[in-house]
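First up is the structure itself, then whatever we jot down about it.
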Amino acid sequence: MNVIHSSSFTDAIHARGLTKSFGSTRVLAGVDLTVPVGTLLALLGPNGSGKTTTVRILTTLLAPDAGTASVGGHDVTREGVAVRRAIGLTAQQATVDDLLTGRENLELFAGLHQLGRRQARRQAGELLERFHLTAAAGRRVATYSGGMRRRLDLAASMVSAPRILFLDEPTTGLDPRSRAELWSVIRELLASGTTILLTTQYLEEADQLADRIAVIDGGRVVADDSPAALKRQVGSERLMLRLAHAQDVARAGAALGDAGAHLDVDARQVVLAVRGPDHLRRALDLLHRAGIEVEHVELRTPTLDDVFFELTAAAA
Amino acid sequence: MTAALRLLIGRSLRHELRTPDSLIVNTALPVIIMVLFVYVFGGAISTGSSGLAYIDFVVPAVLLMSGGYGAALTAVNIADDMTGGMIDRFRTLPISGWAVPAGHVVASVIRNVGSSAIALAAAILLGFRPYASLVDWLLVLALVTGYVLAMSALAVLWGLLVNSTQAAGAFSFIVLFLPYLSDGVVPAETMPGALRAFAEHQPATPIVDALRALLLDQPMGSSGVVAAGWLGGAVLIALPTAALLFRRKTRS
């Protein structure tokens, strides 16, 4: 399925000012997103941040209260059918038929995508092979494991060879091996030119797969950048010091004279961003001179967790 | 028929074959009901002024019970789709909003008219001897199909309204008991006042009367027209309402 998708537009997904309320609860407070053709955007956010609502609007399952969105060059509210032809969706809740076999599911969805019977059969066979489900193809989906069901769900989203794929938390609840298998499938899809919007709670997943990460919190995109740039935004390496005595924590903060240091009395921990080896040596020196006993020293690169906590805390 | 509709009908029929309880409802239940009425109740029930043998009297009602009960369970099937994840898959497909409810209704008509046929075959084995011309048989088929179609359409509407599989199941009780409170199982003339008034004016009675007239080569009177009116009205109201409701539910 190495289909090359030529297109006259450069943004596969383009959303501006999407809002949505359920009763008095405002779920989206103006979401802006842009996903260039052939790239993967990870929509990263905690539970209830509006990830799924955004996906449901972009896949025509839900109408926005305000704002506009185009997917594959078509307006999601006015050209729903055209959007549906261009996209595939793997929702959080498995959307395959338990009473049918894996093969029957794929043949059914291929047929509903207006493929002829023979073409549908061939397509189903190829997808089963590609998603490592050939051995289980004749079994009812009710007997599948969680990982197999997810793979079938993703395969079902691929029957129409969509140019744009939406994956709503595709690896939630999967074991590490199934997750790695799914990641490699997602990379293959990306390499063949598919545009992907993926939501996830896993920072590692976003870091591994995404060209860009949009951090969403409280119904708003609070950051939208490349993984590297987001990490840069949070700064340099982190020095974590665990002190021998909890009462030293405040004193250590004063001795270091660093307003950005994060002090945690309960964990006996001091965390600060370090700017090069000299800064590191000086910091340890200052603590030594103040007579503060350090029990454990650790230096680590900033993770997306740091980015995430910093951004979502700032928005709160 | 569109390809999408054909595929969705195929899916429903596969479900039927793979769900033991619906398979029992559609194949064994008609035979059991027929045996029950002819052998267990039959000896104790008088057919009143009609002067018919009980098997001749009760066959039309059993045909309706056999087809109607399974048709009513269509409410559960569509509620399953609406409350599970499947509906999201369907909605992202480039198919018309009508296809999913229509697929359920058509599949229900196929399997439940089959159930009525099984009930009829059981009746003939038990000694039922109809006197009907080819045209009469075609009219019988049309009436039974119309009844099953109306019940399936109402069931889909009900399933969409209640939006829970358990509440959807309740519809089958209403449909199962409709023929009991008609002229189909015991003559309405033997019922006490209020029940008798209900029995004489509810839709199952003219359908049963018309089927009886067709199968036993008796004068039909107005029952055929009244039955057609009820069934046509039910289908014409339930189907478009169900389609509209489905579209509304899948819009936002």
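In the structure tokens, chains take the letters A, B, ... in the order shown, each chain's residues start at 1, and ligands count up from 1 in the order shown.
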Contact set, chain A to chain B: 8 Å, only C-alpha atoms, as a compact mmCIF listing (two decimals) with N, CA, C and O atoms, in the first residue's frame:
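Output saved as out_38.txt:
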```
# COMPACT_ATOMS: atom_id res chain seq x y z
N THR A 59 -13.43 14.42 13.02
CA THR A 59 -13.86 13.24 12.26
C THR A 59 -15.37 13.27 11.98
O THR A 59 -15.95 12.25 11.66
N THR A 60 -15.99 14.42 12.15
CA THR A 60 -17.41 14.67 11.83
C THR A 60 -18.38 13.98 12.78
O THR A 60 -19.58 13.94 12.52
N LEU A 61 -17.89 13.42 13.90
CA LEU A 61 -18.80 12.74 14.82
C LEU A 61 -19.54 13.72 15.72
O LEU A 61 -20.53 13.38 16.35
N LEU A 62 -19.03 14.95 15.79
CA LEU A 62 -19.57 15.93 16.72
C LEU A 62 -19.48 17.28 16.02
O LEU A 62 -18.50 17.57 15.35
N ALA A 63 -20.53 18.09 16.16
CA ALA A 63 -20.49 19.43 15.56
C ALA A 63 -19.93 20.42 16.57
O ALA A 63 -20.31 20.38 17.73
N VAL A 81 -19.44 14.15 4.27
CA VAL A 81 -19.24 12.92 3.49
C VAL A 81 -17.85 12.93 2.84
O VAL A 81 -17.14 11.91 2.86
N ALA A 82 -17.44 14.08 2.31
CA ALA A 82 -16.12 14.18 1.67
C ALA A 82 -15.02 13.97 2.70
O ALA A 82 -14.01 13.30 2.43
N ARG A 84 -15.30 12.18 5.44
CA ARG A 84 -15.29 10.76 5.80
C ARG A 84 -14.58 9.90 4.76
O ARG A 84 -14.00 8.87 5.09
N ARG A 85 -14.65 10.32 3.51
CA ARG A 85 -13.96 9.56 2.47
C ARG A 85 -12.45 9.67 2.60
O ARG A 85 -11.72 8.81 2.13
N ILE A 87 -10.69 10.10 5.51
CA ILE A 87 -10.09 9.79 6.80
C ILE A 87 -10.32 8.36 7.26
O ILE A 87 -11.18 7.65 6.76
N GLY A 88 -9.48 7.96 8.22
CA GLY A 88 -9.71 6.74 8.98
C GLY A 88 -9.66 7.11 10.44
O GLY A 88 -9.00 8.08 10.81
N LEU A 89 -10.40 6.37 11.28
CA LEU A 89 -10.42 6.69 12.71
C LEU A 89 -10.29 5.42 13.54
O LEU A 89 -10.96 4.44 13.28
N ALA A 91 -10.97 4.87 17.27
CA ALA A 91 -11.47 5.55 18.47
C ALA A 91 -10.98 4.82 19.71
O ALA A 91 -10.42 3.73 19.63
N GLN A 93 -12.78 3.56 22.18
CA GLN A 93 -13.57 2.36 22.38
C GLN A 93 -13.42 1.52 21.12
O GLN A 93 -13.54 2.06 20.02
N ALA A 94 -13.12 0.23 21.27
CA ALA A 94 -12.91 -0.60 20.08
C ALA A 94 -14.15 -0.57 19.20
O ALA A 94 -15.27 -0.76 19.68
N THR A 95 -13.96 -0.32 17.92
CA THR A 95 -15.10 -0.22 17.02
C THR A 95 -15.05 -1.33 15.98
O THR A 95 -15.06 -1.08 14.79
N VAL A 96 -14.92 -2.55 16.48
CA VAL A 96 -15.02 -3.71 15.59
C VAL A 96 -16.15 -4.59 16.11
O VAL A 96 -16.58 -4.45 17.25
N ASP A 97 -16.62 -5.46 15.24
CA ASP A 97 -17.78 -6.28 15.56
C ASP A 97 -17.33 -7.60 16.18
O ASP A 97 -16.68 -8.41 15.53
N LEU A 99 -18.90 -10.27 16.99
CA LEU A 99 -19.49 -11.54 16.53
C LEU A 99 -18.96 -11.97 15.18
O LEU A 99 -19.16 -13.09 14.75
N LEU A 100 -18.28 -11.04 14.50
CA LEU A 100 -17.69 -11.39 13.21
C LEU A 100 -16.23 -11.78 13.42
O LEU A 100 -15.61 -11.44 14.42
N LEU A 108 -16.23 -6.36 5.63
CA LEU A 108 -17.42 -5.53 5.81
C LEU A 108 -17.07 -4.05 5.65
O LEU A 108 -17.71 -3.32 4.88
N GLY A 111 -16.11 -3.12 2.15
CA GLY A 111 -17.30 -3.03 1.32
C GLY A 111 -18.07 -1.74 1.56
O GLY A 111 -18.56 -1.10 0.63
N LEU A 112 -18.16 -1.34 2.84
CA LEU A 112 -18.88 -0.11 3.16
C LEU A 112 -18.11 1.12 2.66
O LEU A 112 -18.68 2.20 2.53
N HIS A 113 -16.83 0.93 2.38
CA HIS A 113 -16.06 2.00 1.75
C HIS A 113 -16.14 1.91 0.23
O HIS A 113 -15.33 2.49 -0.47
N GLN A 114 -17.12 1.13 -0.25
CA GLN A 114 -17.43 1.06 -1.67
C GLN A 114 -16.34 0.38 -2.49
O GLN A 114 -16.15 0.69 -3.67
```
Do a neighbour search on B:Phe246 at 8 Å with only C-alpha atoms, toss out local chain neighbours closer than 6 positions, and write the hits as a PDB file with N, CA, C and O atoms, in the first residue's frame.
```pdb
ATOM      1  N   GLY B  97     -27.130   7.824   6.435  1.00  0.00           N
ATOM      2  CA  GLY B  97     -27.629   7.546   7.779  1.00  0.00           C
ATOM      3  C   GLY B  97     -28.753   6.526   7.808  1.00  0.00           C
ATOM      4  O   GLY B  97     -28.995   5.885   8.824  1.00  0.00           O
ATOM      5  N   TRP B  98     -29.417   6.336   6.671  1.00  0.00           N
ATOM      6  CA  TRP B  98     -30.522   5.384   6.609  1.00  0.00           C
ATOM      7  C   TRP B  98     -30.045   3.935   6.620  1.00  0.00           C
ATOM      8  O   TRP B  98     -30.779   3.055   7.036  1.00  0.00           O
ATOM      9  N   PRO B 101     -30.164   1.655  10.218  1.00  0.00           N
ATOM     10  CA  PRO B 101     -31.493   1.194  10.649  1.00  0.00           C
ATOM     11  C   PRO B 101     -32.175   0.318   9.596  1.00  0.00           C
ATOM     12  O   PRO B 101     -32.804  -0.692   9.943  1.00  0.00           O
ATOM     13  N   LEU B 160     -33.945   3.099  19.442  1.00  0.00           N
ATOM     14  CA  LEU B 160     -33.282   4.395  19.324  1.00  0.00           C
ATOM     15  C   LEU B 160     -33.731   5.341  20.431  1.00  0.00           C
ATOM     16  O   LEU B 160     -32.960   6.162  20.915  1.00  0.00           O
TER      17      LEU B 160
END
```
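Closest approach to B:Phe171 among B:Trp230, B:Phe198, B:Trp137, B:Tyr69: B:Tyr69, based on only C-alpha atoms.
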Between B:Ala99, B:Thr241, B:Thr2, B:Met151, single out the one closest to B:Leu176, counting only C-alpha atoms.
-> B:Met151
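Atom pair atom CA of A:Lys51 / atom CA of A:Ala191 has a distance of 24.7 Å (rounded to one decimal).
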